[in-house]
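Heads up, the thing below is written out as structure tokens.
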Amino acid sequence: MSLLKWCDEGPATVSVGATVQEAVQTMIDKTVGAVAVIDDEGIVAGMFTERDVLAKFALSGRDPKRTPVRELMSSIVEMATEETTPGEALAVMLERHYRHMPVVDERGKVLGVCSIRNILEARVDDLLAELDGSPRRASA
């Protein structure tokens with residue numbers, strides 16, 4: 001199953017020229033914890049996350065309307081492709097302590113952003129369906 005099917009619809013992205021305010025507003029509007037920061041061709045330049053807001057921005061005294069997101073984003077980004085399995089993505093996210101991973105095409109253009117929450121919700125849905133379809137044990 002393609003990892004892209006498990007991503008939120010319409011990837012949360014901001015341009016590399018966006019401000020912190022624009023990135024945070026996008027996260028609020030899309031109800032997500034991270035945005036992919038993309039260049040003019042849609043290629044991932046970095047990720048800006050809730051953790052970046054807290055660790056790099058919140059107490060800095062900088063103006064969110066004037067601070068470029070590119071100055072605070074994580075530029076080293078582990079990316080998945082459509083061929084990456086959900087299990088592979090989850091393993092990388094757990095190992096590297098990421099909560100979000102962009103899914104990109106062969107040029108690095110963002111197709112979606114998958115979160116640990118997306119993967120876990122899908123697996124919980126599978127588990128619930130399996131449990132509902134199985135005979136239940138009698139309670140003691």
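Going through the structure tokens in order, the chains are called A, B, and so on, while each chain numbers its residues from 1 and the ligands are numbered from 1 in the order shown.
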
- Which polymer residues have any atom within 7 Å of an atom of region 61-68 of chain A, counting only C-alpha atoms, with same-chain residues fewer than 6 positions away left out, as an MDAnalysis selection string? chainID A and resid 17:21

Selected residues written out with C-alpha atoms, as a PDB file, in the first residue's frame:
```
ATOM      1  CA  GLY A  17      10.090  32.826   1.356  1.00  0.00           C
ATOM      2  CA  ALA A  18       7.260  32.488   3.893  1.00  0.00           C
ATOM      3  CA  THR A  19       7.363  33.984   7.359  1.00  0.00           C
ATOM      4  CA  VAL A  20       7.020  32.123  10.625  1.00  0.00           C
ATOM      5  CA  GLN A  21       3.545  33.648  10.967  1.00  0.00           C
TER       6      GLN A  21
END
```

- Message: Run DSSP on the backbone and tell me which residues of region 31-124 of chain A come out as strand (DSSP E); list them as a list in words.
- Response: Ala34, Val35, Ala36, Val37, Ile38, Val44, Ala45, Gly46, Met47, Phe48, Thr49, His100, Met101, Pro102, Val103, Val104, Val110, Leu111, Gly112, Val113, Cys114 and Ser115 of chain A

- Message: I'd like the neighbourhood of Thr81 (chain A) as a ChimeraX atom specification, where a residue qualifies if any of its atoms comes within 7 Å (using only C-alpha atoms), though same-chain residues fewer than 2 positions away should be ignored.
- Response: /A:79,83-84,103-105

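Closest approach to Met93 (chain A) among A:Asp40, A:Glu78, A:Glu130, A:Glu71: A:Glu78, based on only C-alpha atoms.
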
- Could you name the residues that touch Val16 (chain A) at 9 Å or less, counting only C-alpha atoms, but leaving out those on the same chain fewer than 6 positions away, as a PyMOL selection string? chain A and resi 37-40+45-46+68-70

Using only N, CA and C atoms, please write the residues we just selected to a file, as a short mmCIF file (atom, residue, chain, number, x, y, z; two decimals), in the first residue's frame.
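Full text of selection07.cif as output:
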```
data_model
loop_
_atom_site.label_atom_id
_atom_site.label_comp_id
_atom_site.auth_asym_id
_atom_site.auth_seq_id
_atom_site.Cartn_x
_atom_site.Cartn_y
_atom_site.Cartn_z
N VAL A 37 8.53 22.99 3.66
CA VAL A 37 8.95 24.26 3.09
C VAL A 37 9.47 23.95 1.69
N ILE A 38 8.85 24.57 0.68
CA ILE A 38 9.16 24.21 -0.70
C ILE A 38 9.68 25.40 -1.49
N ASP A 39 10.47 25.09 -2.52
CA ASP A 39 10.97 26.14 -3.40
C ASP A 39 9.94 26.43 -4.50
N ASP A 40 10.30 27.26 -5.46
CA ASP A 40 9.37 27.67 -6.51
C ASP A 40 8.90 26.51 -7.39
N ALA A 45 12.60 21.95 0.55
CA ALA A 45 13.83 22.59 1.00
C ALA A 45 14.04 22.35 2.50
N GLY A 46 12.96 22.00 3.19
CA GLY A 46 13.05 21.75 4.63
C GLY A 46 11.69 21.48 5.22
N PRO A 68 11.87 34.98 8.53
CA PRO A 68 11.71 33.98 7.47
C PRO A 68 11.75 32.56 8.03
N VAL A 69 10.83 31.76 7.59
CA VAL A 69 10.77 30.37 8.06
C VAL A 69 12.05 29.62 7.68
N ARG A 70 12.69 30.00 6.60
CA ARG A 70 13.91 29.30 6.15
C ARG A 70 15.03 29.40 7.18
#
```

- Task: Report the residues of region 13-81 of chain A whose backbone DSSP state falls under alpha helix (DSSP H), written as a PyMOL selection string.
- Result: chain A and resi 20-30+50-52

Atoms kept (C-alpha atoms) for selection, written as a short mmCIF file (atom, residue, chain, number, x, y, z; two decimals), in the first residue's frame:
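Everything below was put into result_7.cif:
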```cif
data_model
loop_
_atom_site.label_atom_id
_atom_site.label_comp_id
_atom_site.auth_asym_id
_atom_site.auth_seq_id
_atom_site.Cartn_x
_atom_site.Cartn_y
_atom_site.Cartn_z
CA VAL A 20 7.02 32.12 10.63
CA GLN A 21 3.55 33.65 10.97
CA GLU A 22 2.48 32.22 7.59
CA ALA A 23 3.87 28.79 8.46
CA VAL A 24 2.15 28.70 11.84
CA GLN A 25 -1.12 29.91 10.29
CA THR A 26 -0.89 27.12 7.70
CA MET A 27 -0.37 24.55 10.47
CA ILE A 28 -3.42 25.94 12.30
CA ASP A 29 -5.58 26.05 9.15
CA LYS A 30 -4.65 22.50 8.12
CA GLU A 50 5.81 22.66 16.17
CA ARG A 51 9.11 21.72 17.77
CA ASP A 52 10.86 24.40 15.70
#
```

- Restricting the calculation to only C-alpha atoms, which member of A:Ala129, A:Glu121, A:Pro11, A:Leu90 is positioned closest to Val44 (chain A)? A:Pro11

- Message: With distances taken over only C-alpha atoms, which residue among A:Ser60, A:Ser115, A:Thr13, A:Ser75 lies nearest His97 (chain A)?
- Response: A:Ser115

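The space separating CA of Leu127 (chain A) from CA of Val32 (chain A) comes to 24.1 Å.
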
- Task: Give me the residues within 9 Å of Val53 (chain A) as a PyMOL selection string, counting only C-alpha atoms and dropping any in the same chain fewer than 4 places off.
- Result: chain A and resi 20+24+48-49+57-58+72

Based on the selection just made, write N, CA and C atoms of those residues as a PDB file, in the first residue's frame.
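Saved result, selection_33.pdb, follows:
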```pdb
ATOM      1  N   VAL A  20       7.439  33.027   9.557  1.00  0.00           N
ATOM      2  CA  VAL A  20       7.020  32.123  10.625  1.00  0.00           C
ATOM      3  C   VAL A  20       5.514  32.243  10.839  1.00  0.00           C
ATOM      4  N   VAL A  24       2.988  29.065  10.698  1.00  0.00           N
ATOM      5  CA  VAL A  24       2.153  28.699  11.843  1.00  0.00           C
ATOM      6  C   VAL A  24       0.676  28.770  11.464  1.00  0.00           C
ATOM      7  N   PHE A  48       9.278  22.634   8.728  1.00  0.00           N
ATOM      8  CA  PHE A  48       9.102  23.538   9.856  1.00  0.00           C
ATOM      9  C   PHE A  48       8.022  22.921  10.718  1.00  0.00           C
ATOM     10  N   THR A  49       8.336  22.659  11.981  1.00  0.00           N
ATOM     11  CA  THR A  49       7.455  21.896  12.852  1.00  0.00           C
ATOM     12  C   THR A  49       7.100  22.659  14.122  1.00  0.00           C
ATOM     13  N   PHE A  57      11.961  29.421  18.169  1.00  0.00           N
ATOM     14  CA  PHE A  57      11.314  30.705  17.959  1.00  0.00           C
ATOM     15  C   PHE A  57      10.639  31.315  19.188  1.00  0.00           C
ATOM     16  N   ALA A  58       9.912  30.531  19.945  1.00  0.00           N
ATOM     17  CA  ALA A  58       8.997  31.033  20.969  1.00  0.00           C
ATOM     18  C   ALA A  58       9.614  32.074  21.898  1.00  0.00           C
ATOM     19  N   LEU A  72      14.648  29.079  10.381  1.00  0.00           N
ATOM     20  CA  LEU A  72      14.348  28.215  11.523  1.00  0.00           C
ATOM     21  C   LEU A  72      13.986  26.786  11.147  1.00  0.00           C
TER      22      LEU A  72
END
```

- Query: If you measure from CA of Gly42 (chain A) to CA of Gly112 (chain A), what distance in Å do you get, rounded to one decimal?
  - Reply: 11.2 Å
